[in-house]
file target.cif (mmCIF, C-alpha atoms and all ligand atoms; chains and numbers go by the auth columns)
data_query
loop_
_atom_site.group_PDB
_atom_site.id
_atom_site.type_symbol
_atom_site.label_atom_id
_atom_site.label_comp_id
_atom_site.label_asym_id
_atom_site.label_seq_id
_atom_site.Cartn_x
_atom_site.Cartn_y
_atom_site.Cartn_z
_atom_site.B_iso_or_equiv
_atom_site.auth_seq_id
_atom_site.auth_asym_id
ATOM 1 C CA MET A 1 -22.164 194.158 136.244 0.00 1 A
ATOM 2 C CA THR A 2 -19.279 196.634 135.910 0.00 2 A
ATOM 3 C CA PRO A 3 -20.439 200.162 136.745 0.00 3 A
ATOM 4 C CA GLY A 4 -20.735 202.341 133.680 0.00 4 A
ATOM 5 C CA LEU A 5 -22.018 199.500 131.534 0.00 5 A
ATOM 6 C CA VAL A 6 -25.539 200.057 130.396 0.00 6 A
ATOM 7 C CA SER A 7 -28.250 197.631 131.445 0.00 7 A
ATOM 8 C CA THR A 8 -31.004 197.787 128.846 0.00 8 A
ATOM 9 C CA ARG A 9 -33.081 195.572 131.086 0.00 9 A
ATOM 10 C CA SER A 10 -33.181 197.907 134.098 0.00 10 A
ATOM 11 C CA GLU A 11 -33.545 201.034 131.923 0.00 11 A
ATOM 12 C CA TYR A 12 -36.540 199.718 130.025 0.00 12 A
ATOM 13 C CA ASP A 13 -38.081 197.897 132.982 0.00 13 A
ATOM 14 C CA HIS A 14 -38.043 201.209 134.824 0.00 14 A
ATOM 15 C CA LEU A 15 -39.743 202.883 131.864 0.00 15 A
ATOM 16 C CA PHE A 16 -42.334 200.114 131.725 0.00 16 A
ATOM 17 C CA SER A 17 -43.093 200.531 135.435 0.00 17 A
ATOM 18 C CA ILE A 18 -44.034 204.156 134.707 0.00 18 A
ATOM 19 C CA TYR A 19 -46.077 203.426 131.584 0.00 19 A
ATOM 20 C CA VAL A 20 -48.237 200.672 133.054 0.00 20 A
ATOM 21 C CA PRO A 21 -49.776 202.569 136.019 0.00 21 A
ATOM 22 C CA ILE A 22 -50.517 205.548 133.763 0.00 22 A
ATOM 23 C CA ALA A 23 -52.146 203.278 131.169 0.00 23 A
ATOM 24 C CA ILE A 24 -54.238 201.592 133.873 0.00 24 A
ATOM 25 C CA GLY A 25 -55.178 205.009 135.329 0.00 25 A
ATOM 26 C CA VAL A 26 -56.280 206.460 131.976 0.00 26 A
ATOM 27 C CA PHE A 27 -58.187 203.281 131.084 0.00 27 A
ATOM 28 C CA SER A 28 -59.982 203.234 134.462 0.00 28 A
ATOM 29 C CA LEU A 29 -60.842 206.925 134.180 0.00 29 A
ATOM 30 C CA ILE A 30 -62.424 206.396 130.759 0.00 30 A
ATOM 31 C CA VAL A 31 -64.412 203.357 131.908 0.00 31 A
ATOM 32 C CA VAL A 32 -65.676 205.117 135.052 0.00 32 A
ATOM 33 C CA VAL A 33 -66.688 208.265 133.140 0.00 33 A
ATOM 34 C CA MET A 34 -68.452 206.163 130.499 0.00 34 A
ATOM 35 C CA VAL A 35 -70.415 204.149 133.050 0.00 35 A
ATOM 36 C CA VAL A 36 -71.378 207.249 135.046 0.00 36 A
ATOM 37 C CA VAL A 37 -72.487 209.120 131.919 0.00 37 A
ATOM 38 C CA VAL A 38 -74.520 206.160 130.669 0.00 38 A
ATOM 39 C CA LEU A 39 -76.303 205.909 134.032 0.00 39 A
ATOM 40 C CA ILE A 40 -76.943 209.637 134.429 0.00 40 A
ATOM 41 C CA PHE A 41 -78.040 210.388 130.875 0.00 41 A
ATOM 42 C CA ARG A 42 -79.933 207.230 130.048 0.00 42 A
ATOM 43 C CA ARG A 43 -83.233 207.748 128.224 0.00 43 A
ATOM 44 C CA ARG A 44 -86.271 208.193 130.436 0.00 44 A
ATOM 45 C CA PRO A 45 -89.657 209.854 130.117 0.00 45 A
ATOM 46 C CA PRO A 46 -90.457 212.600 129.591 0.00 46 A
ATOM 47 C CA GLU A 47 -87.946 212.927 126.801 0.00 47 A
ATOM 48 C CA LEU A 48 -86.401 216.349 126.756 0.00 48 A
ATOM 49 C CA ALA A 49 -83.525 216.841 124.404 0.00 49 A
ATOM 50 C CA ALA A 50 -80.558 218.628 125.927 0.00 50 A
ATOM 51 C CA ARG A 51 -79.997 222.076 124.485 0.00 51 A
ATOM 52 C CA TRP A 52 -76.240 222.026 124.785 0.00 52 A
ATOM 53 C CA HIS A 53 -73.942 219.820 122.762 0.00 53 A
ATOM 54 C CA GLU A 54 -70.458 220.737 123.831 0.00 54 A
ATOM 55 C CA ASN A 55 -68.539 221.638 126.949 0.00 55 A
ATOM 56 C CA ASN A 56 -65.380 223.389 125.961 0.00 56 A
ATOM 57 C CA PRO A 57 -63.804 223.704 129.429 0.00 57 A
ATOM 58 C CA VAL A 58 -64.232 219.981 130.162 0.00 58 A
ATOM 59 C CA GLU A 59 -63.103 218.861 126.701 0.00 59 A
ATOM 60 C CA GLY A 60 -60.213 221.314 126.729 0.00 60 A
ATOM 61 C CA THR A 61 -59.014 220.191 130.157 0.00 61 A
ATOM 62 C CA TYR A 62 -59.185 216.552 129.122 0.00 62 A
ATOM 63 C CA ALA A 63 -57.253 217.189 125.891 0.00 63 A
ATOM 64 C CA VAL A 64 -54.557 219.192 127.690 0.00 64 A
ATOM 65 C CA LEU A 65 -54.268 216.551 130.413 0.00 65 A
ATOM 66 C CA LEU A 66 -53.795 213.746 127.894 0.00 66 A
ATOM 67 C CA ALA A 67 -51.337 215.822 125.859 0.00 67 A
ATOM 68 C CA CYS A 68 -49.296 216.395 129.034 0.00 68 A
ATOM 69 C CA VAL A 69 -49.260 212.654 129.810 0.00 69 A
ATOM 70 C CA ALA A 70 -48.151 211.856 126.249 0.00 70 A
ATOM 71 C CA ALA A 71 -45.460 214.541 126.355 0.00 71 A
ATOM 72 C CA PHE A 72 -44.191 213.261 129.727 0.00 72 A
ATOM 73 C CA LEU A 73 -43.949 209.666 128.430 0.00 73 A
ATOM 74 C CA LEU A 74 -42.242 210.780 125.217 0.00 74 A
ATOM 75 C CA TYR A 75 -39.712 212.733 127.243 0.00 75 A
ATOM 76 C CA LEU A 76 -38.975 209.727 129.510 0.00 76 A
ATOM 77 C CA THR A 77 -38.711 207.352 126.550 0.00 77 A
ATOM 78 C CA PHE A 78 -36.367 209.510 124.514 0.00 78 A
ATOM 79 C CA THR A 79 -34.114 210.327 127.461 0.00 79 A
ATOM 80 C CA ALA A 80 -33.863 206.616 128.375 0.00 80 A
ATOM 81 C CA GLU A 81 -33.025 205.726 124.765 0.00 81 A
ATOM 82 C CA HIS A 82 -30.534 208.552 124.561 0.00 82 A
ATOM 83 C CA ARG A 83 -28.879 207.402 127.811 0.00 83 A
ATOM 84 C CA VAL A 84 -28.663 203.798 126.597 0.00 84 A
ATOM 85 C CA ASP A 85 -27.222 204.846 123.221 0.00 85 A
ATOM 86 C CA THR A 86 -24.711 207.350 124.601 0.00 86 A
ATOM 87 C CA VAL A 87 -23.392 205.039 127.302 0.00 87 A
ATOM 88 C CA ALA A 88 -23.332 202.081 124.903 0.00 88 A
ATOM 89 C CA ASN A 89 -21.542 203.953 122.124 0.00 89 A
ATOM 90 C CA ARG A 90 -18.861 205.125 124.523 0.00 90 A
ATOM 91 C CA GLU A 91 -18.002 201.549 125.490 0.00 91 A
ATOM 92 C CA ARG A 92 -14.973 199.848 124.048 0.00 92 A
ATOM 93 C CA PRO A 93 -16.492 196.540 123.025 0.00 93 A
ATOM 94 C CA ALA A 94 -14.847 193.377 124.320 0.00 94 A
ATOM 95 C CA VAL A 95 -16.049 191.542 121.248 0.00 95 A
ATOM 96 C CA VAL A 96 -17.678 192.439 117.943 0.00 96 A
ATOM 97 C CA VAL A 97 -20.255 190.169 116.339 0.00 97 A
ATOM 98 C CA ASN A 98 -21.560 190.772 112.825 0.00 98 A
ATOM 99 C CA VAL A 99 -25.184 189.693 112.715 0.00 99 A
ATOM 100 C CA ARG A 100 -26.727 188.987 109.336 0.00 100 A
ATOM 101 C CA ALA A 101 -30.423 188.238 109.221 0.00 101 A
ATOM 102 C CA SER A 102 -31.924 186.425 106.246 0.00 102 A
ATOM 103 C CA LYS A 103 -34.992 184.356 105.481 0.00 103 A
ATOM 104 C CA TRP A 104 -34.966 182.523 107.929 0.00 104 A
ATOM 105 C CA GLU A 105 -31.573 182.342 109.472 0.00 105 A
ATOM 106 C CA TRP A 106 -29.288 184.324 111.740 0.00 106 A
ATOM 107 C CA THR A 107 -25.595 184.295 110.843 0.00 107 A
ATOM 108 C CA PHE A 108 -23.292 185.403 113.646 0.00 108 A
ATOM 109 C CA THR A 109 -19.741 186.175 112.519 0.00 109 A
ATOM 110 C CA TYR A 110 -16.854 186.819 114.927 0.00 110 A
ATOM 111 C CA PRO A 111 -14.441 188.828 112.753 0.00 111 A
ATOM 112 C CA ALA A 112 -11.654 188.802 115.370 0.00 112 A
ATOM 113 C CA TYR A 113 -11.681 185.004 115.421 0.00 113 A
ATOM 114 C CA GLY A 114 -12.673 184.329 111.817 0.00 114 A
ATOM 115 C CA PHE A 115 -15.675 182.058 112.064 0.00 115 A
ATOM 116 C CA SER A 116 -19.456 182.124 111.786 0.00 116 A
ATOM 117 C CA LEU A 117 -22.365 180.397 113.477 0.00 117 A
ATOM 118 C CA ARG A 118 -25.891 179.942 112.194 0.00 118 A
ATOM 119 C CA SER A 119 -29.241 179.626 113.838 0.00 119 A
ATOM 120 C CA GLY A 120 -32.754 179.409 112.447 0.00 120 A
ATOM 121 C CA THR A 121 -34.302 177.030 109.942 0.00 121 A
ATOM 122 C CA VAL A 122 -30.980 175.341 109.153 0.00 122 A
ATOM 123 C CA GLY A 123 -28.571 175.834 112.051 0.00 123 A
ATOM 124 C CA SER A 124 -29.145 175.732 115.772 0.00 124 A
ATOM 125 C CA GLN A 125 -25.811 177.033 117.018 0.00 125 A
ATOM 126 C CA PRO A 126 -25.982 179.415 119.965 0.00 126 A
ATOM 127 C CA LEU A 127 -24.623 182.942 119.935 0.00 127 A
ATOM 128 C CA VAL A 128 -21.909 182.889 122.608 0.00 128 A
ATOM 129 C CA VAL A 129 -20.910 186.193 124.245 0.00 129 A
ATOM 130 C CA PRO A 130 -18.859 187.236 127.272 0.00 130 A
ATOM 131 C CA ALA A 131 -20.967 188.321 130.251 0.00 131 A
ATOM 132 C CA GLY A 132 -20.445 191.655 131.989 0.00 132 A
ATOM 133 C CA GLU A 133 -18.661 193.214 129.023 0.00 133 A
ATOM 134 C CA ALA A 134 -19.836 195.374 126.164 0.00 134 A
ATOM 135 C CA VAL A 135 -20.673 193.343 123.079 0.00 135 A
ATOM 136 C CA ARG A 136 -21.025 195.246 119.818 0.00 136 A
ATOM 137 C CA PHE A 137 -23.365 193.915 117.153 0.00 137 A
ATOM 138 C CA ASN A 138 -23.204 195.111 113.552 0.00 138 A
ATOM 139 C CA LEU A 139 -26.674 194.277 112.420 0.00 139 A
ATOM 140 C CA THR A 140 -27.751 193.904 108.795 0.00 140 A
ATOM 141 C CA SER A 141 -30.102 191.925 106.606 0.00 141 A
ATOM 142 C CA LEU A 142 -29.681 190.049 103.348 0.00 142 A
ATOM 143 C CA ASP A 143 -33.241 190.315 102.062 0.00 143 A
ATOM 144 C CA VAL A 144 -36.152 191.877 103.941 0.00 144 A
ATOM 145 C CA ILE A 145 -36.422 193.770 107.217 0.00 145 A
ATOM 146 C CA HIS A 146 -35.964 191.461 110.199 0.00 146 A
ATOM 147 C CA SER A 147 -35.720 192.392 113.848 0.00 147 A
ATOM 148 C CA PHE A 148 -33.116 191.235 116.372 0.00 148 A
ATOM 149 C CA TRP A 149 -34.990 190.706 119.616 0.00 149 A
ATOM 150 C CA ILE A 150 -33.787 189.408 123.000 0.00 150 A
ATOM 151 C CA PRO A 151 -36.856 189.722 125.246 0.00 151 A
ATOM 152 C CA ALA A 152 -34.988 189.223 128.558 0.00 152 A
ATOM 153 C CA LEU A 153 -32.741 192.198 127.738 0.00 153 A
ATOM 154 C CA ARG A 154 -35.808 194.261 126.772 0.00 154 A
ATOM 155 C CA TYR A 155 -34.013 194.959 123.525 0.00 155 A
ATOM 156 C CA LYS A 156 -35.182 194.874 119.926 0.00 156 A
ATOM 157 C CA HIS A 157 -33.628 196.437 116.848 0.00 157 A
ATOM 158 C CA ASP A 158 -34.476 196.229 113.158 0.00 158 A
ATOM 159 C CA ALA A 159 -32.052 194.564 110.739 0.00 159 A
ATOM 160 C CA ILE A 160 -32.349 196.490 107.493 0.00 160 A
ATOM 161 C CA PRO A 161 -31.024 195.364 104.086 0.00 161 A
ATOM 162 C CA GLY A 162 -28.348 197.683 102.701 0.00 162 A
ATOM 163 C CA SER A 163 -27.648 199.286 106.072 0.00 163 A
ATOM 164 C CA VAL A 164 -25.562 198.349 109.098 0.00 164 A
ATOM 165 C CA GLN A 165 -27.084 199.130 112.486 0.00 165 A
ATOM 166 C CA VAL A 166 -24.498 199.277 115.265 0.00 166 A
ATOM 167 C CA ILE A 167 -25.774 198.351 118.715 0.00 167 A
ATOM 168 C CA THR A 168 -24.022 197.567 121.987 0.00 168 A
ATOM 169 C CA LEU A 169 -25.474 195.254 124.609 0.00 169 A
ATOM 170 C CA THR A 170 -24.272 193.953 127.948 0.00 170 A
ATOM 171 C CA PHE A 171 -25.321 190.537 129.210 0.00 171 A
ATOM 172 C CA THR A 172 -25.396 189.051 132.670 0.00 172 A
ATOM 173 C CA ARG A 173 -24.437 185.387 132.839 0.00 173 A
ATOM 174 C CA GLY A 174 -27.128 183.084 131.561 0.00 174 A
ATOM 175 C CA VAL A 175 -29.057 181.826 128.590 0.00 175 A
ATOM 176 C CA PHE A 176 -31.159 184.276 126.616 0.00 176 A
ATOM 177 C CA PRO A 177 -33.603 183.144 123.946 0.00 177 A
ATOM 178 C CA GLY A 178 -33.928 185.512 120.998 0.00 178 A
ATOM 179 C CA GLN A 179 -35.947 185.669 117.834 0.00 179 A
ATOM 180 C CA CYS A 180 -36.938 187.688 114.822 0.00 180 A
ATOM 181 C CA ALA A 181 -39.624 190.185 115.777 0.00 181 A
ATOM 182 C CA GLU A 182 -40.583 191.423 112.320 0.00 182 A
ATOM 183 C CA PHE A 183 -42.869 189.214 110.265 0.00 183 A
ATOM 184 C CA CYS A 184 -40.643 188.168 107.390 0.00 184 A
ATOM 185 C CA GLY A 185 -42.439 185.357 105.609 0.00 185 A
ATOM 186 C CA LEU A 186 -43.627 181.793 106.025 0.00 186 A
ATOM 187 C CA ARG A 187 -41.003 180.514 108.433 0.00 187 A
ATOM 188 C CA HIS A 188 -40.609 183.719 110.424 0.00 188 A
ATOM 189 C CA ALA A 189 -41.494 181.820 113.602 0.00 189 A
ATOM 190 C CA ASP A 190 -38.502 179.500 113.085 0.00 190 A
ATOM 191 C CA MET A 191 -36.054 182.391 112.992 0.00 191 A
ATOM 192 C CA ILE A 192 -34.870 181.851 116.544 0.00 192 A
ATOM 193 C CA PHE A 193 -31.561 181.737 118.373 0.00 193 A
ATOM 194 C CA VAL A 194 -30.208 181.410 121.889 0.00 194 A
ATOM 195 C CA ALA A 195 -27.531 183.644 123.380 0.00 195 A
ATOM 196 C CA HIS A 196 -25.189 182.047 125.931 0.00 196 A
ATOM 197 C CA ALA A 197 -23.463 184.640 128.108 0.00 197 A
ATOM 198 C CA VAL A 198 -20.448 183.064 129.808 0.00 198 A
ATOM 199 C CA SER A 199 -17.429 184.328 131.718 0.00 199 A
ATOM 200 C CA PRO A 200 -14.933 186.261 129.549 0.00 200 A
ATOM 201 C CA ALA A 201 -12.256 183.570 130.086 0.00 201 A
ATOM 202 C CA THR A 202 -14.631 180.807 129.004 0.00 202 A
ATOM 203 C CA PHE A 203 -15.673 182.888 126.036 0.00 203 A
ATOM 204 C CA THR A 204 -12.100 183.452 124.875 0.00 204 A
ATOM 205 C CA ALA A 205 -11.234 179.769 125.265 0.00 205 A
ATOM 206 C CA TRP A 206 -14.293 178.812 123.242 0.00 206 A
ATOM 207 C CA ALA A 207 -13.705 181.484 120.577 0.00 207 A
ATOM 208 C CA ARG A 208 -10.115 180.234 120.090 0.00 208 A
ATOM 209 C CA THR A 209 -11.563 176.868 119.050 0.00 209 A
ATOM 210 C CA ARG A 210 -13.316 178.896 116.306 0.00 210 A
ATOM 211 C CA GLY A 211 -16.640 177.761 117.659 0.00 211 A
ATOM 212 C CA ARG A 212 -15.844 174.059 117.182 0.00 212 A
ATOM 213 C CA GLY A 213 -15.418 173.350 120.878 0.00 213 A
ATOM 214 C CA PRO A 214 -18.410 172.345 122.989 0.00 214 A
ATOM 215 C CA THR A 215 -20.779 175.235 123.598 0.00 215 A
ATOM 216 C CA PRO A 216 -20.060 176.742 126.990 0.00 216 A
HETATM 217 CU CU CU B . -37.125 187.576 110.215 0.00 301 B
#

call {"tool": "encode", "arguments": {"input": "target.cif", "output": "structure tokens"}}
result
Amino acid sequence: MTPGLVSTRSEYDHLFSIYVPIAIGVFSLIVVVMVVVVLIFRRRPPELAARWHENNPVEGTYAVLLACVAAFLLYLTFTAEHRVDTVANRERPAVVVNVRASKWEWTFTYPAYGFSLRSGTVGSQPLVVPAGEAVRFNLTSLDVIHSFWIPALRYKHDAIPGSVQVITLTFTRGVFPGQCAEFCGLRHADMIFVAHAVSPATFTAWARTRGRGPTP
């Protein structure tokens, strides 16, 4: 991939690799403390009720510790998002695709070439994009809130009626299944599409056929 282009996949994979160990650590800590406390303080004769009912230093330390972890993760998340957005918005997109979500169909329009493709309950045409170049998506919805999700890119963004969300993504070569990630009614599960990322030359040749040529 050309340097300078943002890779949502590596950014968010990196973030994930920080979240998961912390989540496992906190979960293990809670389980261990619970088991230990249950064993130590289990009921046994003679029954003598404890006279204390709080431990401010312990509770305070625990609360501060968890607040620090949450603050650290928030900081990492927002800086990663900021980095992705700033780098992406600075790109000059090689191609612009208008994405319109509706129940239960994706309509991909290539304004520079003057044609549209559809995928979902009616169509099954793939979204073709050039690989290794910035692709700008103007995302909107016709009816309810949908969500444009390409799991392999670790990227998901809401499509909101009455508003255009501008996002920029970069693909490596390959085939990327995508789907709606916001429950939007009965056939939500059929609101799927496939993105084909091909070489820029192949893309241009295909786009000049106005999408009628065989899918590269
Ligand atoms: Cu949907």

call {"tool": "residues_near_ligand", "arguments": {"input": "target.cif", "ligand": "ligand CU 301 (chain B)", "cutoff": "10 Å", "atoms": "only C-alpha atoms and all ligand atoms", "output": "PDB file with C-alpha atoms, in the frame of the given file"}}
result
ATOM      1  CA  ALA A 101     -30.423 188.238 109.221  1.00  0.00           C
ATOM      2  CA  SER A 102     -31.924 186.425 106.246  1.00  0.00           C
ATOM      3  CA  LYS A 103     -34.992 184.356 105.481  1.00  0.00           C
ATOM      4  CA  TRP A 104     -34.966 182.523 107.929  1.00  0.00           C
ATOM      5  CA  GLU A 105     -31.573 182.342 109.472  1.00  0.00           C
ATOM      6  CA  TRP A 106     -29.288 184.324 111.740  1.00  0.00           C
ATOM      7  CA  GLY A 120     -32.754 179.409 112.447  1.00  0.00           C
ATOM      8  CA  SER A 141     -30.102 191.925 106.606  1.00  0.00           C
ATOM      9  CA  ASP A 143     -33.241 190.315 102.062  1.00  0.00           C
ATOM     10  CA  VAL A 144     -36.152 191.877 103.941  1.00  0.00           C
ATOM     11  CA  ILE A 145     -36.422 193.770 107.217  1.00  0.00           C
ATOM     12  CA  HIS A 146     -35.964 191.461 110.199  1.00  0.00           C
ATOM     13  CA  SER A 147     -35.720 192.392 113.848  1.00  0.00           C
ATOM     14  CA  PHE A 148     -33.116 191.235 116.372  1.00  0.00           C
ATOM     15  CA  ASP A 158     -34.476 196.229 113.158  1.00  0.00           C
ATOM     16  CA  ALA A 159     -32.052 194.564 110.739  1.00  0.00           C
ATOM     17  CA  GLN A 179     -35.947 185.669 117.834  1.00  0.00           C
ATOM     18  CA  CYS A 180     -36.938 187.688 114.822  1.00  0.00           C
ATOM     19  CA  ALA A 181     -39.624 190.185 115.777  1.00  0.00           C
ATOM     20  CA  GLU A 182     -40.583 191.423 112.320  1.00  0.00           C
ATOM     21  CA  PHE A 183     -42.869 189.214 110.265  1.00  0.00           C
ATOM     22  CA  CYS A 184     -40.643 188.168 107.390  1.00  0.00           C
ATOM     23  CA  GLY A 185     -42.439 185.357 105.609  1.00  0.00           C
ATOM     24  CA  LEU A 186     -43.627 181.793 106.025  1.00  0.00           C
ATOM     25  CA  ARG A 187     -41.003 180.514 108.433  1.00  0.00           C
ATOM     26  CA  HIS A 188     -40.609 183.719 110.424  1.00  0.00           C
ATOM     27  CA  ALA A 189     -41.494 181.820 113.602  1.00  0.00           C
ATOM     28  CA  ASP A 190     -38.502 179.500 113.085  1.00  0.00           C
ATOM     29  CA  MET A 191     -36.054 182.391 112.992  1.00  0.00           C
ATOM     30  CA  ILE A 192     -34.870 181.851 116.544  1.00  0.00           C
TER      31      ILE A 192
END

call {"tool": "closest_residue", "arguments": {"input": "target.cif", "among": "A:Pro21, A:Gly174, A:Pro130, A:Gly213", "to": "Val96 of chain A", "atoms": "only C-alpha atoms"}}
result
A:Pro130

call {"tool": "closest_atom_pairs", "arguments": {"input": "target.cif", "of": "segment 71-144 of chain A", "to": "segment 201-204 of chain A", "cutoff": "9 Å", "atoms": "all atoms listed in the file", "output": "JSON lines"}}
result
{"residue": "A:Val128", "atom": "CA", "partner": "A:Phe203", "partner_atom": "CA", "distance": 7.1}
{"residue": "A:Val129", "atom": "CA", "partner": "A:Phe203", "partner_atom": "CA", "distance": 6.4}
{"residue": "A:Pro130", "atom": "CA", "partner": "A:Phe203", "partner_atom": "CA", "distance": 5.5}
{"residue": "A:Ala131", "atom": "CA", "partner": "A:Phe203", "partner_atom": "CA", "distance": 8.7}

call {"tool": "resolve_selection", "arguments": {"input": "target.cif", "expression": "the PyMOL selection byres (((chain A and resi 8) around 8) and not hetatm)", "output": "ChimeraX atom specification"}}
result
/A:6-7,9-12,84,153-155,169-170

call {"tool": "resolve_selection", "arguments": {"input": "target.cif", "expression": "the PyMOL selection byres (((chain A and resi 133) around 9) and not hetatm)", "output": "number ranges by chain"}}
result
A: 1-2, 5, 93-95, 129-132, 134-135, 169-172, 200

call {"tool": "resolve_selection", "arguments": {"input": "target.cif", "expression": "the PyMOL selection byres (((chain A and resi 196) around 8) and not hetatm)", "output": "mmCIF file with C-alpha atoms, keeping the file's coordinate frame"}}
result
data_model
loop_
_atom_site.group_PDB
_atom_site.id
_atom_site.type_symbol
_atom_site.label_atom_id
_atom_site.label_comp_id
_atom_site.auth_asym_id
_atom_site.auth_seq_id
_atom_site.Cartn_x
_atom_site.Cartn_y
_atom_site.Cartn_z
ATOM 1 C CA PRO A 126 -25.982 179.415 119.965
ATOM 2 C CA LEU A 127 -24.623 182.942 119.935
ATOM 3 C CA VAL A 128 -21.909 182.889 122.608
ATOM 4 C CA VAL A 129 -20.910 186.193 124.245
ATOM 5 C CA ARG A 173 -24.437 185.387 132.839
ATOM 6 C CA GLY A 174 -27.128 183.084 131.561
ATOM 7 C CA VAL A 175 -29.057 181.826 128.590
ATOM 8 C CA PHE A 176 -31.159 184.276 126.616
ATOM 9 C CA VAL A 194 -30.208 181.410 121.889
ATOM 10 C CA ALA A 195 -27.531 183.644 123.380
ATOM 11 C CA ALA A 197 -23.463 184.640 128.108
ATOM 12 C CA VAL A 198 -20.448 183.064 129.808
ATOM 13 C CA PRO A 216 -20.060 176.742 126.990
#

call {"tool": "residues_near_point", "arguments": {"input": "target.cif", "point": "(-36.4, 186.7, 121.0)", "cutoff": "6 Å", "atoms": "only C-alpha atoms", "output": "mmCIF file with C-alpha atoms, keeping the file's coordinate frame"}}
result
data_model
loop_
_atom_site.group_PDB
_atom_site.id
_atom_site.type_symbol
_atom_site.label_atom_id
_atom_site.label_comp_id
_atom_site.auth_asym_id
_atom_site.auth_seq_id
_atom_site.Cartn_x
_atom_site.Cartn_y
_atom_site.Cartn_z
ATOM 1 C CA TRP A 149 -34.990 190.706 119.616
ATOM 2 C CA ILE A 150 -33.787 189.408 123.000
ATOM 3 C CA PRO A 151 -36.856 189.722 125.246
ATOM 4 C CA PRO A 177 -33.603 183.144 123.946
ATOM 5 C CA GLY A 178 -33.928 185.512 120.998
ATOM 6 C CA GLN A 179 -35.947 185.669 117.834
#

call {"tool": "residues_around", "arguments": {"input": "target.cif", "residues": "Val69 of chain A", "least_positions_apart": "4", "cutoff": "12 Å", "atoms": "only C-alpha atoms", "output": "PDB file with C-alpha atoms, keeping the file's coordinate frame"}}
result
ATOM      1  CA  ILE A  18     -44.034 204.156 134.707  1.00  0.00           C
ATOM      2  CA  TYR A  19     -46.077 203.426 131.584  1.00  0.00           C
ATOM      3  CA  PRO A  21     -49.776 202.569 136.019  1.00  0.00           C
ATOM      4  CA  ILE A  22     -50.517 205.548 133.763  1.00  0.00           C
ATOM      5  CA  ALA A  23     -52.146 203.278 131.169  1.00  0.00           C
ATOM      6  CA  GLY A  25     -55.178 205.009 135.329  1.00  0.00           C
ATOM      7  CA  VAL A  26     -56.280 206.460 131.976  1.00  0.00           C
ATOM      8  CA  TYR A  62     -59.185 216.552 129.122  1.00  0.00           C
ATOM      9  CA  ALA A  63     -57.253 217.189 125.891  1.00  0.00           C
ATOM     10  CA  VAL A  64     -54.557 219.192 127.690  1.00  0.00           C
ATOM     11  CA  LEU A  65     -54.268 216.551 130.413  1.00  0.00           C
ATOM     12  CA  LEU A  73     -43.949 209.666 128.430  1.00  0.00           C
ATOM     13  CA  LEU A  74     -42.242 210.780 125.217  1.00  0.00           C
ATOM     14  CA  TYR A  75     -39.712 212.733 127.243  1.00  0.00           C
ATOM     15  CA  LEU A  76     -38.975 209.727 129.510  1.00  0.00           C
TER      16      LEU A  76
END

call {"tool": "atom_distance", "arguments": {"input": "target.cif", "atom1": "atom CA of Pro161 of chain A", "atom2": "atom CA of Leu139 of chain A"}}
result
9.5 Å

call {"tool": "axis_aligned_box", "arguments": {"input": "target.cif", "around": "segment 24-40 of chain A", "padding_each_side": "8 Å", "output": "JSON"}}
result
{"center_x": -65.6, "center_y": 205.6, "center_z": 132.9, "size_x": 38.7, "size_y": 24.0, "size_z": 20.8}
